[in-house]
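Take a look at the structure set out below.
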Amino acid sequence: QVQLVESGGGLVQAGGSLRLSCAAAGRTFSIYAMGWFRQAPGKERDFVAAISPSGNVRNYADSGKGRFTISRDNTKNTMYLQMNSLEPRDTAVYYCAAYIWALRSGIKRANDDYDYWGRGTQVTVSS
């Protein structure tokens with residue numbers, strides 16, 4: 001079992017940047033693949049980005065390509081999402097999630113493939 005806590009959300013103007021963090025506690029962090037998802041009001045929770053346990057495999061939704069960068073520091077049990085050139089459409093609650101890499105085959109993008117979730121952090125981008 002792993003517990004996940006997001007931080008770093010807030011209010012930013014369009015064109016600005018934020019870095020989200022996801023701190024993990026519990027089992028060994030390096031056995032988990034990690035992902036970021038987001039949910040805007042009235043919409044489904046969507047995939048944003050994912051990273052393998054070692055960090056050498058990364059996958060992004062089209063919405064964030066070229067603007068978002070996912071990374072992790074296994075020595076700090078923390079994952080990050082650097083978000084640049086933010087737009088109002090990026091406004092959402094951002095969630096981090098995890099699954100045990102050995103139980104799945106490769107990087108996953110679907111909500112149902114993730115077994116552990118944080119409570120989310122609000123990101124609001126003003127125009």
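Each chain of the structure tokens is named A, B, ... in the order shown, its residues numbered from 1; ligands are numbered from 1 in display order.
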
Problem set entry | Who sits within 12 Å of Gly26 (chain A), only C-alpha atoms, same chain under 4 positions skipped, as JSON, numbers by chain | {"A": [1, 2, 3, 4, 5, 30, 31, 32, 77, 116]}

For this session: Name all residues at most 12 Å from Tyr95 (chain A) (count only C-alpha atoms; drop same-chain ones fewer than 4 positions away) and give them as a PyMOL selection string.
Result: chain A and resi 4-9+20-23+34-40+45-50+79-81+111+114+116-123

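With only C-alpha atoms as the atoms that count, the minimum distance from Arg27 (chain A) to the choices A:Val12, A:Thr91, A:Arg67, A:Tyr99 is reached by A:Tyr99.
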
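The two atoms in question, CA of Arg58 (chain A) and CA of Trp101 (chain A), are spaced 13.3 Å apart.
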
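Residue nearest Lys108 (chain A) within the list A:Thr69, A:Ser126, A:Asn59, A:Thr75: A:Asn59 [criterion: smallest interatomic distance, only C-alpha atoms].
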
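Among the candidates A:Gly55, A:Gly10, A:Ile107, A:Asp115, the one nearest to Thr78 (chain A) when counting only C-alpha atoms is A:Gly55.
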